Structure formats: structure tokens, C-alpha cells
file start-v4.tsv (TSV, C-alpha atoms and all ligand atoms)
chain	number	residue	atom	x	y	z
L	1	MET	CA	-7.24	-25.04	-39.45
L	2	SER	CA	-5.82	-22.50	-41.86
L	3	ASP	CA	-9.34	-21.15	-42.45
L	4	ALA	CA	-9.78	-20.49	-38.75
L	5	VAL	CA	-6.51	-18.57	-38.72
L	6	TRP	CA	-7.59	-16.44	-41.69
L	7	GLU	CA	-10.81	-15.61	-39.83
L	8	ILE	CA	-8.80	-14.35	-36.87
L	9	LEU	CA	-6.51	-12.30	-39.09
L	10	LYS	CA	-9.55	-10.72	-40.74
L	11	LYS	CA	-10.15	-8.98	-37.43
L	12	VAL	CA	-6.64	-7.51	-37.15
L	13	SER	CA	-6.76	-3.94	-38.41
L	14	ASP	CA	-4.04	-1.94	-40.06
L	15	PRO	CA	-2.67	0.56	-37.50
L	16	GLU	CA	-2.43	3.40	-40.05
L	17	ILE	CA	-5.74	2.80	-41.81
L	18	PRO	CA	-7.97	1.21	-39.17
L	19	VAL	CA	-10.87	0.49	-41.56
L	20	LEU	CA	-8.69	-2.04	-43.35
L	21	THR	CA	-7.63	-5.37	-41.96
L	22	VAL	CA	-4.25	-6.90	-42.67
L	23	VAL	CA	-6.08	-9.35	-44.95
L	24	ASP	CA	-7.75	-6.52	-46.90
L	25	MET	CA	-4.33	-4.97	-47.37
L	26	GLY	CA	-2.97	-8.21	-48.78
L	27	VAL	CA	0.08	-8.24	-46.54
L	28	VAL	CA	-0.54	-11.76	-45.23
L	29	ARG	CA	1.13	-14.10	-47.70
L	30	LYS	CA	1.14	-17.54	-46.16
L	31	ILE	CA	-0.04	-19.45	-43.15
L	32	GLU	CA	1.80	-22.68	-42.40
L	33	GLN	CA	2.07	-25.09	-39.55
L	34	GLU	CA	5.69	-26.08	-38.94
L	35	ALA	CA	5.78	-28.76	-36.24
L	36	GLU	CA	4.42	-27.02	-33.11
L	37	THR	CA	4.68	-23.53	-34.54
L	38	LEU	CA	2.20	-21.56	-36.58
L	39	VAL	CA	4.15	-19.50	-39.10
L	40	VAL	CA	2.48	-16.43	-40.60
L	41	SER	CA	4.40	-14.78	-43.44
L	42	ILE	CA	3.75	-11.11	-44.05
L	43	THR	CA	5.26	-8.71	-46.55
L	44	PRO	CA	5.89	-4.98	-46.00
L	45	THR	CA	3.96	-2.43	-48.06
L	46	TYR	CA	6.56	0.32	-48.21
L	47	SER	CA	10.02	-0.70	-47.04
L	48	GLY	CA	10.09	2.10	-44.49
L	49	CYS	CA	6.52	1.55	-43.34
L	50	PRO	CA	6.64	2.27	-39.60
L	51	ALA	CA	3.48	0.21	-39.07
L	52	MET	CA	5.12	-3.11	-39.92
L	53	ASP	CA	6.43	-3.81	-36.42
L	54	GLU	CA	3.01	-3.05	-34.99
L	55	ILE	CA	1.25	-5.23	-37.56
L	56	GLU	CA	3.60	-8.02	-36.61
L	57	SER	CA	2.82	-7.80	-32.90
L	58	ASN	CA	-0.92	-7.29	-33.48
L	59	ILE	CA	-1.04	-10.51	-35.49
L	60	ARG	CA	0.85	-12.37	-32.80
L	61	TRP	CA	-1.41	-11.06	-30.02
L	62	ALA	CA	-4.59	-11.88	-31.93
L	63	LEU	CA	-3.46	-15.44	-32.48
L	64	GLU	CA	-2.23	-15.89	-28.92
L	65	GLU	CA	-5.55	-14.63	-27.59
L	66	ASN	CA	-7.21	-17.31	-29.67
L	67	GLY	CA	-5.13	-20.07	-28.19
L	68	TYR	CA	-2.25	-20.34	-30.61
L	69	THR	CA	0.63	-20.42	-28.19
L	70	SER	CA	3.52	-20.90	-30.56
L	71	VAL	CA	3.39	-18.27	-33.28
L	72	GLU	CA	6.10	-16.96	-35.55
L	73	VAL	CA	5.49	-13.95	-37.75
L	74	LYS	CA	7.98	-13.94	-40.59
L	75	LEU	CA	8.73	-10.91	-42.75
L	76	ILE	CA	9.32	-11.83	-46.38
L	77	LEU	CA	10.39	-9.46	-49.14
L	78	SER	CA	9.73	-11.55	-52.18
L	79	PRO	CA	7.54	-11.36	-54.15
L	80	PRO	CA	7.21	-7.66	-53.23
L	81	TRP	CA	3.85	-6.32	-52.14
L	82	THR	CA	1.88	-4.39	-54.72
L	83	THR	CA	-1.45	-2.58	-54.51
L	84	ASP	CA	-2.87	-5.34	-56.76
L	85	TRP	CA	-2.94	-7.51	-53.66
L	86	MET	CA	-5.40	-5.29	-51.90
L	87	THR	CA	-8.78	-7.02	-51.95
L	88	ASP	CA	-11.81	-5.49	-53.70
L	89	GLU	CA	-13.53	-5.42	-50.36
L	90	GLY	CA	-10.58	-3.47	-48.99
L	91	LYS	CA	-10.77	-0.99	-51.86
L	92	ALA	CA	-14.48	-0.44	-51.24
L	93	LYS	CA	-13.84	0.16	-47.54
L	94	LEU	CA	-11.13	2.69	-48.36
L	95	GLN	CA	-13.46	4.61	-50.66
L	96	GLU	CA	-16.13	4.73	-48.01
L	97	TYR	CA	-13.59	5.93	-45.45
L	98	GLY	CA	-12.67	8.87	-47.70
L	99	ILE	CA	-9.42	7.60	-49.18
L	100	ALA	CA	-9.39	7.07	-52.94
L	101	PRO	CA	-8.37	3.44	-53.56
L	102	PRO	CA	-5.48	2.56	-55.92
L	103	GLU	CA	-6.62	2.55	-59.52
L	104	GLY	CA	-5.28	0.34	-62.26
L	105	SER	CA	-2.28	-1.89	-62.15
L	106	SER	CA	0.77	-1.41	-60.02
L	107	ALA	CA	2.88	-1.30	-63.17
L	108	ASP	CA	2.13	2.37	-63.47
L	109	LYS	CA	4.44	3.60	-66.18
L	110	SER	CA	3.27	7.18	-65.86
L	111	VAL	CA	5.18	7.30	-62.57
L	112	LEU	CA	8.36	8.33	-64.30
L	113	PHE	CA	8.10	11.81	-65.75
L	114	GLY	CA	4.55	11.37	-66.92
L	115	GLU	CA	1.18	12.94	-66.35
L	116	ALA	CA	-0.43	12.37	-63.00
L	117	LYS	CA	-3.63	10.40	-63.34
L	118	LYS	CA	-7.15	11.71	-62.77
L	119	VAL	CA	-8.29	10.02	-59.60
L	120	MET	CA	-11.93	9.92	-58.58
L	121	CYS	CA	-12.84	12.07	-55.59
L	122	PRO	CA	-14.09	9.72	-52.84
L	123	ARG	CA	-16.51	12.38	-51.62
L	124	CYS	CA	-18.37	13.62	-54.73
L	125	LYS	CA	-17.11	11.02	-57.27
L	126	SER	CA	-15.90	13.68	-59.68
L	127	ARG	CA	-12.77	13.07	-61.73
L	128	ASN	CA	-12.09	16.75	-61.95
L	129	THR	CA	-9.23	16.39	-59.49
L	130	LYS	CA	-5.57	17.23	-59.39
L	131	LEU	CA	-2.44	15.93	-57.76
L	132	VAL	CA	-1.11	18.21	-55.05
L	133	SER	CA	1.77	16.04	-53.90
L	134	GLN	CA	2.93	12.55	-54.74
L	135	PHE	CA	3.77	12.17	-51.05
L	136	GLY	CA	0.92	12.35	-48.56
L	137	SER	CA	0.17	11.79	-44.91
L	138	THR	CA	1.77	8.33	-44.95
L	139	ALA	CA	4.27	6.67	-47.29
L	140	CYS	CA	1.51	4.87	-49.18
L	141	LYS	CA	-0.63	7.90	-49.98
L	142	ALA	CA	-0.58	10.85	-52.36
L	143	LEU	CA	-2.40	14.12	-51.73
L	144	TYR	CA	-5.09	15.22	-54.21
L	145	LYS	CA	-7.54	18.06	-54.42
L	146	CYS	CA	-11.02	17.90	-55.92
L	147	ASP	CA	-11.83	20.87	-58.15
L	148	GLU	CA	-15.52	20.01	-58.03
L	149	CYS	CA	-16.25	19.93	-54.30
L	150	GLN	CA	-13.00	21.74	-53.41
L	151	GLU	CA	-12.04	19.17	-50.78
L	152	PRO	CA	-8.54	17.74	-50.44
L	153	PHE	CA	-8.29	13.96	-50.20
L	154	ASP	CA	-5.78	11.14	-49.87
L	155	TYR	CA	-5.16	8.70	-52.71
L	156	PHE	CA	-3.70	5.29	-51.94
L	157	LYS	CA	-1.11	5.30	-54.67
L	158	CYS	CA	-0.17	2.36	-56.84
L	159	LEU	CA	2.95	0.48	-55.96
U	1	MET	CA	34.37	-12.83	-52.27
U	2	LYS	CA	32.51	-12.85	-48.91
U	3	GLU	CA	34.34	-9.73	-47.87
U	4	GLN	CA	33.50	-7.94	-51.11
U	5	LEU	CA	29.83	-8.88	-50.95
U	6	LEU	CA	29.64	-7.40	-47.47
U	7	GLU	CA	31.28	-4.19	-48.61
U	8	TYR	CA	28.99	-4.03	-51.61
U	9	THR	CA	25.94	-4.47	-49.37
U	10	LEU	CA	27.20	-1.77	-47.03
U	11	ARG	CA	27.79	0.67	-49.87
U	12	LEU	CA	24.15	0.39	-50.84
U	13	GLY	CA	22.91	0.40	-47.27
U	14	ASP	CA	25.06	3.35	-46.25
U	15	ASN	CA	23.92	5.42	-49.24
U	16	ALA	CA	20.33	4.85	-48.16
U	17	LEU	CA	20.98	5.41	-44.45
U	18	ILE	CA	23.02	8.60	-44.76
U	19	LEU	CA	20.74	10.16	-47.36
U	20	GLY	CA	17.73	9.23	-45.22
U	21	GLN	CA	19.37	10.90	-42.23
U	22	ARG	CA	20.13	14.05	-44.25
U	23	LEU	CA	16.58	14.26	-45.58
U	24	GLY	CA	15.26	13.74	-42.07
U	25	GLU	CA	16.94	17.02	-41.09
U	26	TRP	CA	14.32	18.81	-43.19
U	27	CYS	CA	11.47	17.42	-41.10
U	28	GLY	CA	9.58	20.44	-39.75
U	29	HIS	CA	11.66	22.87	-41.83
U	30	GLY	CA	10.29	22.41	-45.35
U	31	PRO	CA	9.08	25.51	-47.22
U	32	ILE	CA	5.46	24.32	-47.20
U	33	LEU	CA	3.71	21.50	-45.44
U	34	GLU	CA	3.23	19.28	-48.52
U	35	GLN	CA	6.90	19.40	-49.44
U	36	ASP	CA	8.00	18.91	-45.86
U	37	ILE	CA	5.89	15.76	-45.84
U	38	ALA	CA	7.28	14.66	-49.20
U	39	LEU	CA	10.85	14.80	-47.94
U	40	SER	CA	9.96	12.99	-44.71
U	41	ASN	CA	8.30	10.28	-46.79
U	42	MET	CA	11.39	9.90	-48.89
U	43	ALA	CA	13.60	9.87	-45.81
U	44	LEU	CA	11.45	7.04	-44.49
U	45	ASP	CA	11.73	5.08	-47.74
U	46	GLN	CA	15.51	5.46	-47.62
U	47	LEU	CA	15.55	4.33	-44.02
U	48	GLY	CA	13.44	1.30	-44.90
U	49	GLN	CA	15.80	0.35	-47.69
U	50	ALA	CA	18.74	0.89	-45.34
U	51	ARG	CA	17.16	-1.48	-42.81
U	52	MET	CA	16.79	-4.29	-45.34
U	53	LEU	CA	20.40	-3.87	-46.38
U	54	MET	CA	21.74	-3.53	-42.81
U	55	GLN	CA	19.88	-6.69	-41.82
U	56	TYR	CA	21.55	-8.49	-44.70
U	57	ALA	CA	24.95	-7.04	-43.83
U	58	ALA	CA	24.51	-8.07	-40.18
U	59	GLU	CA	23.65	-11.62	-41.24
U	60	GLN	CA	26.78	-11.74	-43.36
U	61	LYS	CA	28.85	-10.55	-40.42
U	62	GLY	CA	27.30	-13.17	-38.19
U	63	GLY	CA	27.86	-13.37	-34.44
U	64	ASP	CA	25.94	-10.82	-32.43
U	65	TYR	CA	25.71	-8.28	-35.24
U	66	THR	CA	22.31	-6.67	-35.77
U	67	GLU	CA	21.01	-3.97	-38.08
U	68	ASP	CA	21.25	-1.46	-35.22
U	69	LYS	CA	24.82	-2.38	-34.46
U	70	MET	CA	25.71	-1.89	-38.12
U	71	ALA	CA	24.11	1.55	-38.17
U	72	PHE	CA	25.07	2.89	-34.77
U	73	PHE	CA	28.42	1.35	-33.93
U	74	ARG	CA	30.50	1.88	-37.03
U	75	ASP	CA	32.75	4.94	-37.33
U	76	VAL	CA	33.41	7.25	-40.25
U	77	THR	CA	36.10	5.14	-41.91
U	78	GLU	CA	33.86	2.06	-41.77
U	79	TYR	CA	31.10	3.79	-43.73
U	80	HIS	CA	31.01	3.13	-47.47
U	81	ASN	CA	28.45	5.59	-48.81
U	82	CYS	CA	29.31	7.83	-51.73
U	83	LEU	CA	30.30	11.36	-50.75
U	84	LEU	CA	27.37	13.02	-52.50
U	85	VAL	CA	24.80	11.82	-49.97
U	86	GLU	CA	26.69	13.07	-46.92
U	87	LEU	CA	26.98	16.69	-48.12
U	88	GLU	CA	25.11	19.38	-46.22
U	89	ASN	CA	21.54	20.11	-47.22
U	90	GLY	CA	22.11	23.81	-47.93
U	91	ASP	CA	19.02	25.59	-49.21
U	92	TRP	CA	15.99	23.86	-50.70
U	93	GLY	CA	17.44	24.03	-54.22
U	94	ARG	CA	20.69	22.45	-53.17
U	95	THR	CA	18.86	19.58	-51.48
U	96	MET	CA	16.81	19.16	-54.67
U	97	ALA	CA	19.94	19.14	-56.85
U	98	ARG	CA	21.62	16.53	-54.68
U	99	GLN	CA	18.44	14.48	-54.63
U	100	PHE	CA	17.96	14.67	-58.40
U	101	LEU	CA	21.56	13.68	-59.17
U	102	PHE	CA	21.40	10.78	-56.73
U	103	ASP	CA	17.83	9.61	-57.43
U	104	THR	CA	18.50	9.39	-61.15
U	105	TYR	CA	21.58	7.30	-60.46
U	106	ASN	CA	19.72	5.20	-57.89
U	107	TYR	CA	16.83	4.53	-60.26
U	108	TYR	CA	19.03	3.12	-63.01
U	109	PHE	CA	21.24	1.32	-60.50
U	110	TYR	CA	18.33	-0.52	-58.89
U	111	THR	CA	16.81	-1.24	-62.28
U	112	ALA	CA	20.03	-3.09	-63.17
U	113	LEU	CA	20.19	-4.75	-59.75
U	114	LEU	CA	16.79	-6.37	-60.42
U	115	SER	CA	18.67	-9.11	-62.27
U	116	SER	CA	21.39	-9.63	-59.67
U	117	ALA	CA	22.54	-13.20	-59.06
U	118	ASP	CA	22.35	-12.52	-55.33
U	119	GLU	CA	18.81	-13.37	-54.20
U	120	ARG	CA	18.73	-10.95	-51.29
U	121	LEU	CA	20.02	-7.96	-53.22
U	122	LYS	CA	17.56	-8.82	-55.95
U	123	GLU	CA	14.69	-8.82	-53.45
U	124	VAL	CA	15.78	-5.48	-52.05
U	125	ALA	CA	15.96	-4.08	-55.58
U	126	HIS	CA	12.42	-5.24	-56.37
U	127	LYS	CA	11.18	-3.50	-53.27
U	128	ALA	CA	13.26	-0.35	-53.64
U	129	ILE	CA	12.76	0.33	-57.33
U	130	LYS	CA	9.09	1.18	-56.93
U	131	GLU	CA	9.85	3.76	-54.28
U	132	VAL	CA	12.90	5.18	-56.00
U	133	ALA	CA	10.85	5.72	-59.18
U	134	TYR	CA	8.57	8.11	-57.27
U	135	HIS	CA	11.57	9.92	-55.80
U	136	ALA	CA	13.26	10.33	-59.18
U	137	GLN	CA	10.16	11.82	-60.74
U	138	TRP	CA	9.62	14.18	-57.86
U	139	SER	CA	13.17	15.55	-57.70
U	140	ALA	CA	13.35	15.94	-61.51
U	141	GLU	CA	10.17	17.99	-61.40
U	142	TRP	CA	11.74	20.26	-58.81
U	143	ILE	CA	14.81	20.83	-60.98
U	144	ILE	CA	12.55	21.90	-63.84
U	145	ARG	CA	10.43	24.10	-61.60
U	146	LEU	CA	13.43	25.88	-60.09
U	147	GLY	CA	15.55	26.07	-63.26
U	148	ASP	CA	12.71	27.33	-65.41
U	149	GLY	CA	11.31	29.45	-62.60
U	150	THR	CA	12.38	32.94	-61.58
U	151	GLU	CA	15.74	34.58	-62.23
U	152	GLU	CA	16.64	34.02	-58.59
U	153	SER	CA	15.65	30.35	-58.51
U	154	HIS	CA	17.43	29.75	-61.82
U	155	ARG	CA	20.65	31.33	-60.60
U	156	ARG	CA	20.63	29.43	-57.34
U	157	ILE	CA	19.81	25.99	-58.72
U	158	GLN	CA	22.50	26.42	-61.40
U	159	GLU	CA	24.98	27.29	-58.66
U	160	SER	CA	24.02	24.21	-56.66
U	161	MET	CA	24.32	22.04	-59.74
U	162	ASP	CA	27.80	23.47	-60.47
U	163	ASP	CA	28.90	22.93	-56.85
U	164	LEU	CA	27.62	19.38	-56.59
U	165	TRP	CA	28.83	18.17	-59.96
U	166	GLU	CA	32.31	17.22	-58.75
U	167	TRP	CA	30.75	14.79	-56.28
U	168	THR	CA	28.94	12.77	-58.96
U	169	GLY	CA	31.97	11.16	-60.60
U	170	GLU	CA	32.34	8.71	-57.76
U	171	LEU	CA	28.93	7.22	-58.47
U	172	PHE	CA	30.29	5.64	-61.62
U	173	THR	CA	33.88	4.72	-60.83
U	174	MET	CA	34.41	0.98	-60.46
U	175	ASP	CA	37.03	-0.39	-58.11
U	176	ASP	CA	38.05	-4.00	-57.39
U	177	VAL	CA	34.93	-4.62	-55.31
U	178	ASP	CA	32.69	-3.50	-58.18
U	179	LYS	CA	34.63	-5.54	-60.70
U	180	LEU	CA	34.49	-8.73	-58.67
U	181	MET	CA	30.76	-8.30	-58.02
U	182	ILE	CA	30.11	-7.73	-61.72
U	183	GLU	CA	32.09	-10.87	-62.63
U	184	ALA	CA	30.01	-12.84	-60.15
U	185	GLY	CA	26.82	-11.54	-61.77
U	186	ILE	CA	25.88	-9.84	-58.49
U	187	GLY	CA	26.93	-6.25	-59.06
U	188	VAL	CA	25.93	-3.59	-61.55
U	189	ASP	CA	28.02	-2.40	-64.48
U	190	LEU	CA	28.23	1.30	-63.72
U	191	SER	CA	29.31	2.30	-67.22
U	192	ARG	CA	25.86	1.32	-68.45
U	193	VAL	CA	24.23	3.23	-65.57
U	194	LYS	CA	26.37	6.23	-66.51
U	195	GLU	CA	25.02	6.26	-70.06
U	196	GLN	CA	21.42	6.23	-68.85
U	197	TRP	CA	22.16	8.80	-66.18
U	198	ASP	CA	23.81	11.14	-68.70
U	199	GLN	CA	20.85	10.90	-70.98
U	200	LYS	CA	18.23	11.57	-68.31
U	201	VAL	CA	20.21	14.33	-66.60
U	202	ASP	CA	20.78	16.09	-69.95
U	203	GLN	CA	17.09	15.82	-70.78
U	204	ILE	CA	15.97	17.30	-67.47
U	205	LEU	CA	18.62	20.04	-67.45
U	206	GLU	CA	17.49	21.09	-70.89
U	207	LEU	CA	13.85	21.26	-69.81
U	208	ALA	CA	15.00	23.25	-66.80
U	209	THR	CA	17.01	25.64	-69.03
U	210	LEU	CA	20.11	24.80	-67.01
U	211	LYS	CA	23.67	24.26	-68.23
U	212	ARG	CA	25.35	20.93	-67.70
U	213	PRO	CA	28.51	21.59	-65.65
U	214	SER	CA	31.77	20.42	-67.19
U	215	ASP	CA	33.45	17.18	-66.17
U	216	ASP	CA	36.74	18.67	-64.98
U	217	TRP	CA	37.71	16.92	-61.82
U	218	PHE	CA	35.84	14.61	-59.48
U	219	GLN	CA	36.00	13.88	-55.78
U	220	SER	CA	36.32	10.26	-54.74
U	221	GLY	CA	36.95	8.02	-51.74
U	222	GLY	CA	33.61	7.61	-49.98
U	223	LYS	CA	33.01	4.09	-51.18
U	224	GLN	CA	36.41	3.12	-49.78
U	225	GLY	CA	35.78	4.79	-46.43
U	226	GLU	CA	37.55	8.13	-46.98
U	227	HIS	CA	34.95	10.77	-46.24
U	228	SER	CA	34.45	14.51	-46.23
U	229	GLU	CA	34.42	16.42	-42.96
U	230	TYR	CA	30.61	16.30	-43.00
U	231	LEU	CA	30.02	12.62	-42.30
U	232	GLY	CA	31.35	12.82	-38.74
U	233	PHE	CA	28.64	15.32	-37.86
U	234	VAL	CA	25.92	13.20	-39.45
U	235	LEU	CA	27.06	10.14	-37.48
U	236	ALA	CA	27.41	12.10	-34.24
U	237	GLU	CA	23.79	13.16	-34.41
U	238	MET	CA	22.54	9.76	-35.55
U	239	GLN	CA	24.61	7.67	-33.15
U	240	HIS	CA	24.99	9.59	-29.91
U	241	LEU	CA	21.83	8.29	-28.26
U	242	PRO	CA	22.39	4.55	-28.80
U	243	ARG	CA	26.04	5.00	-27.88
U	244	MET	CA	25.19	6.76	-24.62
U	245	HIS	CA	22.52	4.20	-23.77
U	246	PRO	CA	23.48	1.04	-25.64
U	247	GLU	CA	20.91	-1.08	-23.82
U	248	ALA	CA	18.03	1.38	-24.21
U	249	GLU	CA	14.82	0.16	-25.80
U	250	TRP	CA	12.01	2.23	-27.19
L	301	ZN	ZN	-15.06	16.06	-54.86
call {"tool": "encode", "arguments": {"input": "start-v4.tsv", "output": "C-alpha cells", "more": "lines below"}}
Ligand SMILES: [Zn+2]
result
Amino acid sequence: MSDAVWEILKKVSDPEIPVLTVVDMGVVRKIEQEAETLVVSITPTYSGCPAMDEIESNIRWALEENGYTSVEVKLILSPPWTTDWMTDEGKAKLQEYGIAPPEGSSADKSVLFGEAKKVMCPRCKSRNTKLVSQFGSTACKALYKCDECQEPFDYFKCL
Amino acid sequence: MKEQLLEYTLRLGDNALILGQRLGEWCGHGPILEQDIALSNMALDQLGQARMLMQYAAEQKGGDYTEDKMAFFRDVTEYHNCLLVELENGDWGRTMARQFLFDTYNYYFYTALLSSADERLKEVAHKAIKEVAYHAQWSAEWIIRLGDGTEESHRRIQESMDDLWEWTGELFTMDDVDKLMIEAGIGVDLSRVKEQWDQKVDQILELATLKRPSDDWFQSGGKQGEHSEYLGFVLAEMQHLPRMHPEAEW
């Protein structure tokens, strides 16, 4: 039964980055049947992520449409979401969409007063890029510029 | 003990909420688009952290309390944020100075809170620390850029630093609530945070060619609910809509 539920969730897209599903993002933590109720536990990416409420209702609607009448979507904080949970498939989709996927581990020590990393340009694949701003078009992205093809691009930053 | 835990939770939540509200005032007014977006992002992070803490506070209160009720239906004297976060934004440099002084504190505070005996606060800390680390780096970079920038930017950021300094003492003073929370293994020993803060602030000020202001006299009272004249205006703007239309949904 759980497998069937995962298949349904694989069709629920992230409202901010529609090429990714909530499963690609790694926000779905657990699926459990508690008596009559199907309980789906999800974890927020950024704590202020305005998409969370929408993700919650999209999951509920998708399941209800597929005949699950008693659904509870539970928000859990622990363990906290990290970009390590994003699936490889998800990262490939991001790249194709034009957003550089998170590179390396979430334990990014260079975050504090260090050098910004050289991210690969999703368009021309050059690493001759530079950080424009650690804060991009949404909470989860940084803004980069490619010095090779001169195009700006979003980088899904490590968390 | 229950009462103190609630107050402790609110102090953290109110810091995040009020600073988030202040930063939100910059939305659409930043000097360039990228930096406008950066501040809005940080405001959103603060708001997210505030929500987690308000939800916890509301649960502790019980009854029909909700996160919204905690945020929108408490008055000035029931707010427990430190005074620093409620101060006016001023110019860009002043906002950066306030942000740097607070972010650096917040970073070391949440690092210590990672080992809190209170499960919920610990969870919030694990979530918040990753975001706060980005904020702390960003605001420190701005202090260096402005301090070691032009004569004008140097003069103005030094002035802001001097003006704001008296509001930083409160971050590290420990009252009975702090002491009880520390004894219970829940709260953070602020004397340790102070050491780390001093070190980092000195390091950044030096890189920025700025002078560390002297520790003459410090403002206090915010944590206990005694606020500056500014908080009332922040709350008025934040609360007037839900108070006019308490049943409104959007
Ligand atoms: Zn390129």
C-alpha cells in the first residue's frame, strides 16, 4: 500500500520549482497507516518557506483524488531537512531546468566567512562562475553569474 | 518552571518576529535588487523561525491559543524581544550594523541551543542554525565592505556602530529566567556566547577598519517587557489588520 502512495506523491510537484516533485525534494519523510487515517509526514526545507502550506494541501488533494479519504499531513522538524535528501533524479531535473543543483554535502563549512564555491553553470557547464548574492529568487537559492556565457543563474544552495 | 519556559520561548520567538518585521520594511526599498531580495529572504527566515516558536508557545499556553494569537494579540509589555531588534532601520548601514551585531549573537546562541534538554527548542535550533549561518556571513561581509569602503561609508557605519552599541549589553545579561533555564539544561549560558561574540565582532571590526565602541552603559528591559518607544509602532503596523478583522482568512 505504501508503494502506491509513493507513486501518487511522485506526481505532486513543488509549487516553487514545478519540475521537481515533493519526492525529488526529499520533503516526504514517512508514510504510515494509523487506524483509518493515512499519515504523511513532511519536513520544511527553509523554516520560512511559503510553499509549505501549499505542498501540504497539494499532497492531501492528490491522495483524496486517489480515494484516500482520511489523510493527515503532519509537519515534522526533526531531523531537519538538508539538501542531501534531494534525490539524484531531482538534481538532474534541476540542472536541466536551468538551476544549478546543490553540490557537496550540506555540512558546508565555507558558509561562515569563507570563500564562495565555484558552481557549475547549468547552461554552458563552465565553472568560471561567481556568486552575486547568497540570497536569490527564493529562500533556497543563491544568485550566480557565469563569466563564460555571461548568463546569470540560480544555484540551489546547500542547507 | 512552566512559566519560565514559556517566557524563554517567547523571548526567542519575539526576537525572530520583530526582526523579521523590521527587515520586511526594506522590501521594495533596498539599494539594488539583489540586496533587496537578500533582506526579504532573511526576513522570511526570521518569520519562519518565529512561527515554529510561536506554535510552541501557543501549545504551552494551551486553550484556544494559536501562533497567530500569540503574534497579533499581545501588547507591547507582553513582548519579550531584546531592544536591539525593535530599533528603527535607519539607513542601509545602520540596518547592516544592527543585523551584524544580532546575527553574530544569534549564531552562537543557536549553536549552544543545539544541545538543549528541551526537545522542541533543540529541533528549532537545528533548523534555524543553518539559516542563521548564512545571515551572519552576509551581514559581516557588509560591515567589512562599508567600513573598509569610502570615507563616507566608513564614517557612517562607524556612527551606526557607536549608536547601536549600548543596545547590545542586554543580549548577554542573565536574569532569573535565564538562570533557571540554564540549571534545567534547557537554556544557554550567555557568558560563553559573549566570549565568542566578542571574538568574532573584534575580528570583523578589525577587517573593516572600524573601532570597537566602549562598553560604558547599556540599555536593558526588553526581555522583561519594558520596551523603547519604537515597538508600539512596529506592533501597530503588524497587528492592525488582524485586530480590525479578527475572523478574516486569506
Ligand atoms: Zn555559462
call {"tool": "atom_distance", "arguments": {"input": "start-v4.tsv", "atom1": "CA of Tyr8 (chain U)", "atom2": "CA of His80 (chain U)"}}
result
8.5 Å
call {"tool": "closest_residue", "arguments": {"input": "start-v4.tsv", "among": "U:Tyr105, U:Trp26, U:Trp138, U:Phe100", "to": "Lys194 (chain U)", "atoms": "only C-alpha atoms"}}
result
U:Tyr105
call {"tool": "interface_residues", "arguments": {"input": "start-v4.tsv", "of": "chain U", "to": "chain L", "cutoff": "6 Å", "atoms": "only C-alpha atoms", "output": "number ranges by chain"}}
result
U: 38, 41, 44-45, 47-49, 123, 127, 137
call {"tool": "residues_around", "arguments": {"input": "start-v4.tsv", "residues": "Lys125 (chain L)", "least_positions_apart": "2", "cutoff": "12 Å", "atoms": "all atoms listed in the file", "output": "compact mmCIF listing (two decimals) with C-alpha atoms, in the frame of the given file"}}
result
# COMPACT_ATOMS: atom_id res chain seq x y z
CA GLN L 95 -13.46 4.61 -50.66
CA GLU L 96 -16.13 4.73 -48.01
CA GLY L 98 -12.67 8.87 -47.70
CA ILE L 99 -9.42 7.60 -49.18
CA ALA L 100 -9.39 7.07 -52.94
CA LYS L 118 -7.15 11.71 -62.77
CA VAL L 119 -8.29 10.02 -59.60
CA MET L 120 -11.93 9.92 -58.58
CA CYS L 121 -12.84 12.07 -55.59
CA PRO L 122 -14.09 9.72 -52.84
CA ARG L 123 -16.51 12.38 -51.62
CA ARG L 127 -12.77 13.07 -61.73
CA ASN L 128 -12.09 16.75 -61.95
CA THR L 129 -9.23 16.39 -59.49
CA CYS L 146 -11.02 17.90 -55.92
CA ASP L 147 -11.83 20.87 -58.15
CA GLU L 148 -15.52 20.01 -58.03
CA CYS L 149 -16.25 19.93 -54.30
CA GLU L 151 -12.04 19.17 -50.78
CA PHE L 153 -8.29 13.96 -50.20
call {"tool": "closest_residue", "arguments": {"input": "start-v4.tsv", "among": "U:Leu39, U:Leu113, U:Ala97, U:Leu210", "to": "Trp142 (chain U)", "atoms": "all atoms listed in the file"}}
result
U:Ala97
call {"tool": "decode", "arguments": {"input": "start-v4.tsv", "residues": "region 89-93 of chain L", "atoms": "all heavy atoms", "output": "PDB file, in the first residue's frame"}}
result
ATOM      1  N   GLU L  89      17.880  11.994  -9.115  1.00  0.00           N
ATOM      2  CA  GLU L  89      16.975  12.296 -10.208  1.00  0.00           C
ATOM      3  C   GLU L  89      16.524  13.761 -10.125  1.00  0.00           C
ATOM      4  O   GLU L  89      16.478  14.468 -11.125  1.00  0.00           O
ATOM      5  CB  GLU L  89      15.770  11.357 -10.118  1.00  0.00           C
ATOM      6  CG  GLU L  89      14.972  11.252 -11.396  1.00  0.00           C
ATOM      7  CD  GLU L  89      13.712  10.425 -11.179  1.00  0.00           C
ATOM      8  OE1 GLU L  89      13.706   9.552 -10.273  1.00  0.00           O
ATOM      9  OE2 GLU L  89      12.731  10.655 -11.902  1.00  0.00           O
ATOM     10  N   GLY L  90      16.219  14.175  -8.913  1.00  0.00           N
ATOM     11  CA  GLY L  90      15.806  15.560  -8.692  1.00  0.00           C
ATOM     12  C   GLY L  90      16.904  16.538  -9.098  1.00  0.00           C
ATOM     13  O   GLY L  90      16.648  17.557  -9.742  1.00  0.00           O
ATOM     14  N   LYS L  91      18.144  16.196  -8.725  1.00  0.00           N
ATOM     15  CA  LYS L  91      19.261  17.088  -9.055  1.00  0.00           C
ATOM     16  C   LYS L  91      19.445  17.197 -10.573  1.00  0.00           C
ATOM     17  O   LYS L  91      19.714  18.276 -11.096  1.00  0.00           O
ATOM     18  CB  LYS L  91      20.549  16.575  -8.404  1.00  0.00           C
ATOM     19  CG  LYS L  91      20.564  16.816  -6.895  1.00  0.00           C
ATOM     20  CD  LYS L  91      21.813  16.262  -6.236  1.00  0.00           C
ATOM     21  CE  LYS L  91      21.699  16.425  -4.723  1.00  0.00           C
ATOM     22  NZ  LYS L  91      22.696  15.678  -3.974  1.00  0.00           N
ATOM     23  N   ALA L  92      19.270  16.061 -11.259  1.00  0.00           N
ATOM     24  CA  ALA L  92      19.408  16.071 -12.718  1.00  0.00           C
ATOM     25  C   ALA L  92      18.316  16.937 -13.353  1.00  0.00           C
ATOM     26  O   ALA L  92      18.562  17.703 -14.288  1.00  0.00           O
ATOM     27  CB  ALA L  92      19.344  14.647 -13.254  1.00  0.00           C
ATOM     28  N   LYS L  93      17.102  16.827 -12.812  1.00  0.00           N
ATOM     29  CA  LYS L  93      15.990  17.622 -13.342  1.00  0.00           C
ATOM     30  C   LYS L  93      16.237  19.120 -13.141  1.00  0.00           C
ATOM     31  O   LYS L  93      15.913  19.931 -14.006  1.00  0.00           O
ATOM     32  CB  LYS L  93      14.689  17.255 -12.629  1.00  0.00           C
ATOM     33  CG  LYS L  93      14.067  15.945 -13.077  1.00  0.00           C
ATOM     34  CD  LYS L  93      12.685  15.846 -12.444  1.00  0.00           C
ATOM     35  CE  LYS L  93      12.231  14.411 -12.259  1.00  0.00           C
ATOM     36  NZ  LYS L  93      11.074  14.326 -11.340  1.00  0.00           N
TER      37      LYS L  93
END
